[in-house]
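Below is model13.cif, which holds mmCIF, C-alpha atoms.
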```cif
data_entry
loop_
_atom_site.label_atom_id
_atom_site.label_comp_id
_atom_site.auth_asym_id
_atom_site.auth_seq_id
_atom_site.Cartn_x
_atom_site.Cartn_y
_atom_site.Cartn_z
CA MET A 1 0.00 0.00 0.00
CA LYS A 2 2.83 2.36 0.80
CA SER A 3 4.50 1.90 -2.60
CA GLN A 4 1.24 2.76 -4.37
CA GLU A 5 1.01 6.04 -2.44
CA THR A 6 4.55 7.01 -3.40
CA GLN A 7 3.85 6.20 -7.05
CA ASN A 8 0.78 8.43 -7.01
CA ALA A 9 2.73 11.24 -5.36
CA ALA A 10 5.54 10.89 -7.90
CA LYS A 11 3.08 11.01 -10.81
CA GLU A 12 1.44 14.15 -9.43
CA ASN A 13 4.76 15.99 -9.09
CA ASN A 14 6.05 15.15 -12.59
CA LEU A 15 4.78 17.89 -14.86
CA PRO A 16 5.33 17.72 -18.60
CA LEU A 17 8.19 19.85 -19.91
CA ALA A 18 5.93 22.17 -21.93
CA GLU A 19 3.85 23.15 -18.89
CA ASP A 20 6.82 23.59 -16.57
CA THR A 21 9.04 25.66 -18.88
CA PRO A 22 8.33 29.17 -20.21
CA ASN A 23 7.53 29.42 -23.91
CA TYR A 24 10.69 31.38 -24.83
CA ILE A 25 12.95 28.64 -23.40
CA ALA A 26 11.18 25.59 -24.84
CA PRO A 27 8.87 26.58 -27.71
CA GLN A 28 5.98 24.27 -28.55
CA GLU A 29 7.26 23.59 -32.08
CA PRO A 30 11.06 23.74 -32.02
CA GLY A 31 11.41 23.09 -35.76
CA LYS A 32 9.33 26.07 -36.84
CA SER A 33 10.32 29.67 -36.26
CA GLU A 34 8.18 32.75 -36.58
CA PRO A 35 8.31 34.53 -39.93
CA MET A 36 10.50 37.62 -40.09
CA THR A 37 8.78 40.97 -40.51
CA GLN A 38 9.97 43.57 -43.02
CA VAL A 39 11.39 45.76 -40.24
CA GLN A 40 13.39 42.86 -38.82
CA SER A 41 14.77 41.89 -42.22
CA ASP A 42 15.74 45.51 -42.96
CA SER A 43 17.61 45.86 -39.66
CA VAL A 44 19.88 42.84 -40.21
CA ILE A 45 23.50 43.88 -40.80
CA THR A 46 25.32 41.81 -43.41
CA ASN A 47 28.94 41.90 -44.61
CA GLN A 48 27.83 43.94 -47.61
CA ASP A 49 26.61 46.70 -45.28
CA LEU A 50 29.96 46.98 -43.48
CA PRO A 51 32.84 49.03 -44.89
CA ASP A 52 35.89 47.41 -46.43
CA PRO A 53 37.96 45.43 -43.87
CA ARG A 54 41.03 47.57 -44.65
CA VAL A 55 39.07 50.69 -43.65
CA ARG A 56 37.87 49.08 -40.41
CA TYR A 57 41.33 47.85 -39.42
CA GLY A 58 42.97 51.11 -40.49
CA PHE A 59 40.52 53.19 -38.45
CA THR A 60 41.09 50.93 -35.44
CA LEU A 61 44.87 51.25 -35.77
CA VAL A 62 44.65 55.06 -36.03
CA ILE A 63 42.51 55.24 -32.87
CA VAL A 64 44.83 52.89 -30.94
CA GLY A 65 47.85 54.88 -32.15
CA ALA A 66 46.29 58.15 -31.02
CA VAL A 67 45.51 56.73 -27.58
CA LEU A 68 49.05 55.37 -27.22
CA PHE A 69 50.48 58.73 -28.30
CA VAL A 70 48.44 60.56 -25.64
CA VAL A 71 49.49 58.01 -23.00
CA ALA A 72 53.16 58.37 -24.02
CA ILE A 73 52.93 62.17 -23.66
CA TYR A 74 51.19 61.83 -20.28
CA TYR A 75 53.87 59.53 -18.86
CA GLY A 76 56.71 61.59 -20.30
CA ILE A 77 57.95 59.04 -22.81
CA ILE A 78 57.51 61.66 -25.54
CA ASN A 79 58.42 65.23 -24.60
CA PRO A 80 56.62 67.69 -26.85
#
```
Spit out the file's structure as structure tokens when you get a sec.
Amino acid sequence: MKSQETQNAAKENNLPLAEDTPNYIAPQEPGKSEPMTQVQSDSVITNQDLPDPRVRYGFTLVIVGAVLFVVAIYYGIINP
């Protein structure tokens, strides 16, 4: 009799995954995604939207060089 009571208690406490988990963590249909709206598709940044990699790296190097130059002046490595 005691084992039957524990089985009933165990069955009552075991909730299915879909009821226990919020919808954004475990969607009902994991294979299907919601269709993208026009605003979402327009706001996606692709490689074609970015500038040339040489421009990005060059701009980054210029900024890093300027910061290092200011730091070198501050610590007295370069005396203007």
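Atom CA of A:Leu68 lies 18.4 Å from atom CA of A:Arg56.
Rounded to one decimal, atom CA of A:Val64 and atom CA of A:Ile77 lie 16.6 Å from each other.
Across the model, the gap from atom CA of A:Gly65 to atom CA of A:Pro80 is 16.4 Å.
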